[in-house]
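Q: Structure supplied as coords-v1.tsv; contents: TSV, C-alpha atoms.
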chain	number	residue	atom	x	y	z
A	1	MET	CA	62.61	260.60	332.73
A	2	ALA	CA	61.27	257.46	331.05
A	3	ILE	CA	61.60	257.44	327.26
A	4	THR	CA	58.84	255.54	325.46
A	5	ALA	CA	59.33	253.23	322.48
A	6	GLN	CA	57.09	255.52	320.41
A	7	GLU	CA	59.35	258.52	321.12
A	8	VAL	CA	62.41	256.51	320.12
A	9	ASN	CA	60.70	255.32	316.95
A	10	ASN	CA	59.64	258.86	316.00
A	11	LEU	CA	63.21	260.13	316.40
A	12	ARG	CA	64.47	257.20	314.36
A	13	LYS	CA	62.07	258.13	311.54
A	14	ILE	CA	63.32	261.72	311.60
A	15	THR	CA	67.05	260.98	311.72
A	16	GLY	CA	67.49	257.43	310.46
A	17	ALA	CA	69.78	256.73	313.43
A	18	GLY	CA	69.76	253.39	315.25
A	19	MET	CA	67.26	252.63	318.01
A	20	MET	CA	69.84	252.62	320.80
A	21	ASP	CA	71.43	255.87	319.57
A	22	CYS	CA	67.99	257.50	319.49
A	23	LYS	CA	67.13	256.29	322.97
A	24	GLN	CA	70.44	257.51	324.39
A	25	ALA	CA	70.04	260.90	322.69
A	26	LEU	CA	66.48	261.33	324.00
A	27	THR	CA	67.56	260.32	327.49
A	28	GLU	CA	70.41	262.84	327.41
A	29	ALA	CA	68.01	265.50	326.06
A	30	ASN	CA	65.36	264.75	328.69
A	31	GLY	CA	62.92	263.84	325.95
A	32	ASP	CA	63.36	267.02	323.88
A	33	VAL	CA	63.37	265.96	320.22
A	34	GLU	CA	65.23	268.99	318.81
A	35	THR	CA	67.97	268.65	321.41
A	36	ALA	CA	68.18	264.91	320.70
A	37	ILE	CA	68.58	265.61	316.97
A	38	GLU	CA	71.42	268.02	317.74
A	39	ILE	CA	73.07	265.40	319.99
A	40	LEU	CA	72.93	262.86	317.16
A	41	ARG	CA	74.44	265.37	314.72
A	42	LYS	CA	77.28	266.12	317.12
A	43	LYS	CA	77.89	262.40	317.40
A	44	GLY	CA	78.21	262.35	313.62
A	45	GLN	CA	80.78	265.14	313.78
A	46	LYS	CA	82.81	263.21	316.35
A	47	VAL	CA	82.72	260.03	314.24
A	48	SER	CA	83.65	262.03	311.14
A	49	ALA	CA	86.65	263.61	312.90
A	50	LYS	CA	87.88	260.22	314.13
A	51	ARG	CA	87.77	258.72	310.64
A	52	GLN	CA	89.39	261.53	308.65
A	53	ASP	CA	92.49	259.43	307.93
A	54	ARG	CA	90.48	256.48	306.57
A	55	GLU	CA	90.61	255.58	302.87
A	56	THR	CA	87.40	255.94	300.85
A	57	SER	CA	88.17	253.35	298.19
A	58	GLU	CA	84.53	252.32	297.72
A	59	GLY	CA	81.48	254.32	296.74
A	60	SER	CA	79.32	255.25	293.76
A	61	VAL	CA	79.29	257.56	290.77
A	62	PHE	CA	76.05	259.45	290.07
A	63	ILE	CA	75.23	261.24	286.79
A	64	LYS	CA	72.33	263.45	285.72
A	65	SER	CA	71.81	264.89	282.22
A	66	ASN	CA	69.35	267.24	280.57
A	67	ASP	CA	66.90	266.01	277.94
A	68	ASN	CA	68.61	267.55	274.92
A	69	HIS	CA	72.04	266.00	275.71
A	70	THR	CA	73.84	269.34	276.06
A	71	GLU	CA	74.81	269.12	279.75
A	72	SER	CA	75.66	266.44	282.28
A	73	VAL	CA	76.70	266.59	285.93
A	74	LEU	CA	78.71	263.88	287.68
A	75	VAL	CA	79.41	263.42	291.36
A	76	ALA	CA	81.43	260.63	292.96
A	77	ILE	CA	80.72	259.84	296.61
A	78	GLY	CA	83.26	257.75	298.50
A	79	CYS	CA	82.95	255.49	301.54
A	80	GLU	CA	85.06	252.85	303.23
A	81	THR	CA	83.27	249.60	302.35
A	82	ASP	CA	81.27	248.12	299.49
A	83	PHE	CA	78.54	247.23	302.00
A	84	VAL	CA	77.90	250.92	302.73
A	85	ALA	CA	78.18	251.86	299.03
A	86	LYS	CA	75.16	249.63	298.37
A	87	ASN	CA	73.25	250.93	301.39
A	88	ALA	CA	69.95	252.65	300.54
A	89	ASP	CA	70.72	255.68	302.74
A	90	PHE	CA	74.11	256.14	301.06
A	91	GLN	CA	72.52	255.91	297.62
A	92	LYS	CA	69.82	258.40	298.64
A	93	LEU	CA	72.50	260.82	299.88
A	94	GLY	CA	74.32	260.51	296.56
A	95	GLU	CA	71.14	261.26	294.61
A	96	ASP	CA	70.39	264.26	296.86
A	97	ILE	CA	73.88	265.67	296.34
A	98	LEU	CA	73.58	265.11	292.59
A	99	ASP	CA	70.23	266.90	292.43
A	100	VAL	CA	71.66	269.95	294.22
A	101	ALA	CA	74.78	269.95	292.02
A	102	TYR	CA	72.66	269.67	288.87
A	103	ALA	CA	70.28	272.44	289.92
A	104	GLN	CA	72.83	274.97	291.18
A	105	LYS	CA	76.14	274.18	289.41
A	106	PRO	CA	78.46	275.35	292.22
A	107	ALA	CA	82.03	276.30	291.40
A	108	ASP	CA	83.70	273.37	293.16
A	109	ILE	CA	83.30	270.62	295.79
A	110	GLU	CA	83.68	273.01	298.73
A	111	ALA	CA	80.93	275.25	297.35
A	112	LEU	CA	78.75	272.19	296.76
A	113	LYS	CA	79.18	271.03	300.37
A	114	ASN	CA	77.90	274.38	301.63
A	115	LEU	CA	74.67	274.28	299.60
A	116	LYS	CA	71.41	273.24	301.23
A	117	ALA	CA	69.69	269.92	300.55
A	118	GLY	CA	66.41	270.39	302.39
A	119	ASP	CA	66.91	271.82	305.87
A	120	LEU	CA	70.60	270.92	306.10
A	121	SER	CA	73.72	271.74	304.14
A	122	ILE	CA	75.17	268.88	302.15
A	123	ASN	CA	78.13	268.82	304.52
A	124	ASP	CA	75.79	268.39	307.50
A	125	LYS	CA	73.86	265.65	305.70
A	126	ILE	CA	77.12	263.80	305.13
A	127	ILE	CA	78.07	264.18	308.81
A	128	GLU	CA	74.61	263.00	309.83
A	129	LEU	CA	74.95	259.81	307.80
A	130	VAL	CA	78.51	259.27	309.06
A	131	GLY	CA	77.09	259.32	312.61
A	132	LYS	CA	74.47	256.78	311.62
A	133	ILE	CA	76.68	254.26	309.80
A	134	GLY	CA	80.04	254.92	311.52
A	135	GLU	CA	82.01	255.19	308.28
A	136	LYS	CA	83.82	258.01	306.51
A	137	ILE	CA	81.87	259.51	303.58
A	138	GLU	CA	83.15	262.24	301.27
A	139	ILE	CA	82.56	263.85	297.89
A	140	LEU	CA	85.47	262.64	295.76
A	141	ALA	CA	84.64	264.35	292.47
A	142	TYR	CA	82.24	266.84	290.93
A	143	GLU	CA	82.22	267.56	287.20
A	144	VAL	CA	79.99	269.56	284.85
A	145	VAL	CA	80.33	269.01	281.09
A	146	SER	CA	78.48	271.11	278.51
A	147	GLY	CA	78.60	270.83	274.75
A	148	GLU	CA	76.87	269.98	271.50
A	149	PHE	CA	76.07	266.38	272.50
A	150	ILE	CA	77.02	264.86	275.88
A	151	VAL	CA	76.92	261.11	276.45
A	152	PRO	CA	77.16	259.76	280.04
A	153	TYR	CA	78.31	256.26	281.00
A	154	ILE	CA	78.50	254.49	284.34
A	155	HIS	CA	80.43	251.24	284.33
A	156	ALA	CA	79.06	248.14	286.07
A	157	GLY	CA	79.46	248.53	289.83
A	158	ALA	CA	79.11	252.32	289.60
A	159	LYS	CA	82.71	252.99	290.66
A	160	LEU	CA	83.69	254.42	287.28
A	161	GLY	CA	81.88	257.14	285.35
A	162	VAL	CA	82.55	258.90	282.05
A	163	LEU	CA	81.17	262.02	280.40
A	164	VAL	CA	82.08	262.51	276.73
A	165	SER	CA	81.27	265.64	274.72
A	166	LEU	CA	80.88	265.13	270.96
A	167	LYS	CA	80.89	267.88	268.33
A	168	ASN	CA	80.08	268.19	264.63
A	169	THR	CA	77.07	265.88	265.02
A	170	GLY	CA	75.16	267.39	262.12
A	171	GLY	CA	72.06	267.38	264.30
A	172	ASN	CA	72.11	263.57	264.51
A	173	ASN	CA	71.46	261.52	267.63
A	174	VAL	CA	74.89	260.04	268.21
A	175	SER	CA	74.14	258.33	271.54
A	176	ASP	CA	75.31	254.89	270.37
A	177	ALA	CA	78.62	256.21	269.05
A	178	GLY	CA	79.02	258.28	272.20
A	179	LYS	CA	78.50	255.22	274.37
A	180	ASP	CA	81.11	253.31	272.36
A	181	VAL	CA	83.59	256.12	272.92
A	182	ALA	CA	82.68	256.42	276.61
A	183	MET	CA	83.29	252.69	277.06
A	184	GLN	CA	86.62	253.09	275.26
A	185	ILE	CA	87.55	255.87	277.71
A	186	ALA	CA	86.50	253.69	280.65
A	187	ALA	CA	88.59	250.74	279.43
A	188	MET	CA	91.67	252.47	277.99
A	189	ASN	CA	92.01	255.54	280.23
A	190	PRO	CA	93.39	258.05	277.68
A	191	ILE	CA	95.17	261.09	279.10
A	192	ALA	CA	93.89	263.54	276.46
A	193	VAL	CA	91.58	263.83	273.46
A	194	ASP	CA	94.37	264.28	270.89
A	195	LYS	CA	98.14	264.69	270.86
A	196	ASP	CA	97.86	268.48	270.77
A	197	ASP	CA	96.03	268.32	274.12
A	198	VAL	CA	98.86	266.53	275.95
A	199	ASP	CA	100.63	268.74	278.48
A	200	GLU	CA	104.10	269.83	277.34
A	201	SER	CA	105.67	268.52	280.57
A	202	VAL	CA	104.31	265.04	279.80
A	203	ILE	CA	105.70	265.20	276.26
A	204	GLN	CA	109.16	266.19	277.50
A	205	LYS	CA	109.08	263.42	280.12
A	206	GLU	CA	108.19	260.82	277.46
A	207	ILE	CA	110.99	262.07	275.19
A	208	GLU	CA	113.51	261.77	278.04
A	209	ILE	CA	112.26	258.27	278.88
A	210	GLY	CA	112.58	257.30	275.21
A	211	LYS	CA	116.14	258.62	275.04
A	212	GLU	CA	117.15	256.81	278.20
A	213	GLN	CA	115.66	253.53	276.96
A	214	ALA	CA	117.52	253.88	273.65
A	215	ARG	CA	120.73	254.77	275.47
A	216	THR	CA	120.37	251.69	277.70
A	217	GLU	CA	119.91	249.58	274.56
A	218	GLY	CA	123.27	250.88	273.28
A	219	LYS	CA	121.95	253.07	270.48
A	220	PRO	CA	124.28	255.82	269.13
A	221	GLU	CA	123.94	259.18	270.89
A	222	GLN	CA	123.12	260.99	267.63
A	223	MET	CA	120.14	258.66	267.07
A	224	LEU	CA	118.55	259.10	270.49
A	225	GLU	CA	116.33	262.07	269.58
A	226	LYS	CA	114.91	260.35	266.48
A	227	ILE	CA	114.27	257.12	268.40
A	228	ALA	CA	112.63	259.02	271.25
A	229	LEU	CA	110.29	260.83	268.84
A	230	GLY	CA	109.32	257.47	267.36
A	231	LYS	CA	108.47	256.21	270.85
A	232	LEU	CA	106.52	259.43	271.44
A	233	ASN	CA	104.30	258.68	268.44
A	234	LYS	CA	103.61	255.24	269.90
A	235	PHE	CA	102.74	256.95	273.20
A	236	TYR	CA	100.22	259.18	271.37
A	237	LYS	CA	98.59	256.14	269.75
A	238	GLU	CA	98.26	254.39	273.09
A	239	SER	CA	97.39	257.34	275.33
A	240	THR	CA	95.34	259.87	273.34
A	241	LEU	CA	91.71	259.02	272.66
A	242	LEU	CA	91.33	259.88	268.97
A	243	ASN	CA	94.53	258.01	268.09
A	244	GLN	CA	93.77	254.86	270.08
A	245	GLU	CA	92.70	251.70	268.30
A	246	PHE	CA	88.94	251.26	268.66
A	247	VAL	CA	88.43	248.38	271.10
A	248	LYS	CA	85.45	247.01	269.13
A	249	ASP	CA	87.30	247.14	265.78
A	250	ASN	CA	91.08	247.54	265.97
A	251	SER	CA	91.30	248.22	262.23
A	252	LEU	CA	90.03	251.72	263.08
A	253	THR	CA	91.19	254.47	265.36
A	254	ILE	CA	88.55	256.28	267.40
A	255	ALA	CA	88.89	259.26	265.06
A	256	GLN	CA	88.23	257.04	262.04
A	257	TYR	CA	85.32	255.29	263.74
A	258	LEU	CA	83.59	258.58	264.55
A	259	ASP	CA	84.18	259.88	261.05
A	260	LYS	CA	82.47	256.76	259.68
A	261	VAL	CA	79.46	257.38	261.92
A	262	HIS	CA	79.13	260.94	260.61
A	263	LYS	CA	81.65	262.91	258.57
A	264	GLY	CA	83.52	265.28	260.87
A	265	LEU	CA	82.10	263.85	264.10
A	266	THR	CA	84.71	264.02	266.86
A	267	VAL	CA	85.31	264.43	270.59
A	268	ALA	CA	85.43	267.89	272.13
A	269	SER	CA	86.29	266.78	275.68
A	270	PHE	CA	85.78	264.04	278.25
A	271	LYS	CA	85.91	263.35	281.97
A	272	ARG	CA	86.75	259.97	283.50
A	273	ILE	CA	86.26	259.48	287.25
A	274	ILE	CA	87.13	256.26	289.06
A	275	ILE	CA	86.74	255.47	292.76
A	276	GLY	CA	89.52	253.47	294.38
Write the structure described by the file as structure tokens, please.
A:
Amino acid sequence: MAITAQEVNNLRKITGAGMMDCKQALTEANGDVETAIEILRKKGQKVSAKRQDRETSEGSVFIKSNDNHTESVLVAIGCETDFVAKNADFQKLGEDILDVAYAQKPADIEALKNLKAGDLSINDKIIELVGKIGEKIEILAYEVVSGEFIVPYIHAGAKLGVLVSLKNTGGNNVSDAGKDVAMQIAAMNPIAVDKDDVDESVIQKEIEIGKEQARTEGKPEQMLEKIALGKLNKFYKESTLLNQEFVKDNSLTIAQYLDKVHKGLTVASFKRIIIG
């Protein structure tokens, strides 16, 4: 049967698929719109399966917070190219996924993918867009942070996002200090809030590295432990947030900077997500 331009255009408005894809789907479905929609979705599944081994090194981070700064949700959506990351449909998908994540707080990414966003599950919406643009799309990260005062930060380009939870605020609005700390986290990539938060396996690895370096330098065997512990303290200063030098004023550590903002103010936790 002959498929009219109006029928093709109507299907395009419903699905967002290309004109030729819509025409082919309608032709295959003998003009039945619902069948054509299903054909287009199956095409998306086929494209998605073919591109499973592709790298999603581009994409965008999306963050939503409540008004009283006590909770923030972050999702990172990956794709293959920067061109798609900037695409309006990709950005809309990211916002839709974020809205569902914020509203329902699922346990993990798999649970999030099974939730509905309108008439379709999030997983089906992803497959639908994959069929339209021909590129792999996936949810790379999903984080929920709750606390006394949460400050979100998305770095320029939207490929890096940070959530930092501050405590002991004294009821003050500490957004500016929180942003400074979030930017520090973005730039310096600490592995933990403080030295007591570093995993014991990491500590032991650093001690062994320190010993081996000292041994290579010809230091006496009985001195290796002491030298390694000295190197461990340097590791803490470089790799744990509160002990790092504040990028904006290296005469202060982050702990000292926060204490100057408000006595006792500190970091409870943080999340740093980067795409690529």
Q: If we count only C-alpha atoms and set the cut-off at 12 Å, which residues sit around A:Gly230, ignoring sequence neighbours fewer than 4 positions away in its own chain? Please answer as a compact mmCIF listing (two decimals) with C-alpha atoms, in the coordinates of the input.
A:
# COMPACT_ATOMS: atom_id res chain seq x y z
CA GLU A 206 108.19 260.82 277.46
CA ILE A 207 110.99 262.07 275.19
CA ILE A 209 112.26 258.27 278.88
CA GLY A 210 112.58 257.30 275.21
CA LYS A 211 116.14 258.62 275.04
CA ALA A 214 117.52 253.88 273.65
CA MET A 223 120.14 258.66 267.07
CA LEU A 224 118.55 259.10 270.49
CA GLU A 225 116.33 262.07 269.58
CA LYS A 226 114.91 260.35 266.48
CA LYS A 234 103.61 255.24 269.90
CA PHE A 235 102.74 256.95 273.20
CA TYR A 236 100.22 259.18 271.37
CA LYS A 237 98.59 256.14 269.75
Q: Smallest atom-to-atom distance to A:Asp176: which of A:Val61, A:Ala117, A:Ile150, A:Ile122, using all atoms listed in the file?
A: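 Among the listed residues, the smallest separation from A:Asp176 belongs to A:Ile150.
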Q: Distance atom CA of A:Asn10-atom CA of A:Asp119, one decimal place?
A: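 Rounded to one decimal, the two atoms are 18.0 Å apart.
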Q: Select, from A:Leu163, A:Glu128, A:Ile3, A:Leu140, the residue with the minimum atom-to-atom distance to A:Thr15, counting all atoms listed in the file.
A: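 Distance minimum relative to A:Thr15 lands on A:Glu128.
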Q: What are the closest atom pairs, with distances in Å to one decimal, for each residue of stretch 144-243 of chain A lying within 12 Å of stretch 248-259 of chain A, using only C-alpha atoms, rows by chain and rising residue number, as a Markdown table?
A:
| residue | atom | partner | partner_atom | distance |
| --- | --- | --- | --- | --- |
| A:Leu166 | CA | A:Leu258 | CA | 9.6 |
| A:Lys167 | CA | A:Leu258 | CA | 10.4 |
| A:Asn168 | CA | A:Asp259 | CA | 9.9 |
| A:Thr169 | CA | A:Leu258 | CA | 9.8 |
| A:Gly170 | CA | A:Asp259 | CA | 11.8 |
| A:Val174 | CA | A:Leu258 | CA | 9.6 |
| A:Ser175 | CA | A:Leu258 | CA | 11.8 |
| A:Asp176 | CA | A:Leu258 | CA | 10.8 |
| A:Ala177 | CA | A:Leu258 | CA | 7.1 |
| A:Gly178 | CA | A:Leu258 | CA | 8.9 |
| A:Lys179 | CA | A:Leu258 | CA | 11.6 |
| A:Asp180 | CA | A:Lys248 | CA | 8.3 |
| A:Val181 | CA | A:Ile254 | CA | 7.4 |
| A:Ala182 | CA | A:Ile254 | CA | 10.9 |
| A:Met183 | CA | A:Lys248 | CA | 10.0 |
| A:Gln184 | CA | A:Ile254 | CA | 8.7 |
| A:Ile185 | CA | A:Ile254 | CA | 10.4 |
| A:Ala187 | CA | A:Lys248 | CA | 11.4 |
| A:Met188 | CA | A:Ile254 | CA | 11.7 |
| A:Pro190 | CA | A:Ile254 | CA | 11.5 |
| A:Val193 | CA | A:Ala255 | CA | 9.9 |
| A:Asp194 | CA | A:Ala255 | CA | 9.4 |
| A:Tyr236 | CA | A:Thr253 | CA | 11.8 |
| A:Lys237 | CA | A:Thr253 | CA | 8.8 |
| A:Glu238 | CA | A:Thr253 | CA | 10.5 |
| A:Ser239 | CA | A:Ile254 | CA | 11.9 |
| A:Thr240 | CA | A:Ile254 | CA | 9.7 |
| A:Leu241 | CA | A:Ile254 | CA | 6.7 |
| A:Leu242 | CA | A:Ala255 | CA | 4.7 |
| A:Asn243 | CA | A:Thr253 | CA | 5.6 |
Q: If I take atom CA of A:Leu74 and atom CA of A:Asp108, how far is one from the other in Å, to one decimal?
A: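 Rounded to one decimal, the two atoms are 12.0 Å apart.
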Q: What's around A:Gly118 at 10 Å? Count only C-alpha atoms, leave out sequence neighbours fewer than 3 positions away in its own chain, and write the answer as a PyMOL selection string.
A: chain A and resi 96+100+115+121-122+125
Q: What does the structure give for the distance between atom CA of A:Thr70 and atom CA of A:Val145, in Å to one decimal?
A: 8.2 Å
Q: Check the smallest atom-to-atom distance from each of A:Gly94, A:Gly78, A:Gly44, A:Gly147 to A:Asp124 using all atoms listed in the file, then report the winner.
A: A:Gly44
Q: Mind checking which residues fall within 8 Å of A:Ala101, counting all atoms listed in the file, ignoring those fewer than 5 positions away in the same chain, and posting them as a PyMOL selection string?
A: chain A and resi 73+106+112
Q: What does the file look like for those residues with C-alpha atoms, as a short mmCIF file (atom, residue, chain, number, x, y, z; two decimals), in the frame of the given file?
A:
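Result file part-v6.cif:
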data_model
loop_
_atom_site.label_atom_id
_atom_site.label_comp_id
_atom_site.auth_asym_id
_atom_site.auth_seq_id
_atom_site.Cartn_x
_atom_site.Cartn_y
_atom_site.Cartn_z
CA VAL A 73 76.70 266.59 285.93
CA PRO A 106 78.46 275.35 292.22
CA LEU A 112 78.75 272.19 296.76
#
Q: Would you please work out which residue, of A:Phe62, A:Tyr102, A:Phe83, A:Phe90, is nearest to A:Tyr153 when using all atoms listed in the file?
A: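 Nearest candidate to A:Tyr153 out of A:Phe62, A:Tyr102, A:Phe83, A:Phe90: A:Phe62.
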Q: Please provide the set of residues having any atom within 9 Å of A:Ile273, restricted to only C-alpha atoms, with same-chain residues fewer than 5 positions apart removed, written as JSON, numbers by chain.
A: {"A": [61, 74, 75, 76, 141, 159, 160, 161, 162, 163, 186]}
Q: Closest to A:Glu95 among A:Ile109, A:Ala158, A:Ile139, A:Ile63, using all atoms listed in the file?
A: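 Checking each candidate against A:Glu95, we get A:Ile63 as the closest.
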Q: Using only C-alpha atoms, which of the listed residues (A:Leu120, A:Leu129, A:Val33, A:Leu98) sits closest to A:Ser72?
A: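 Of all the options, A:Leu98 lies closest to A:Ser72.
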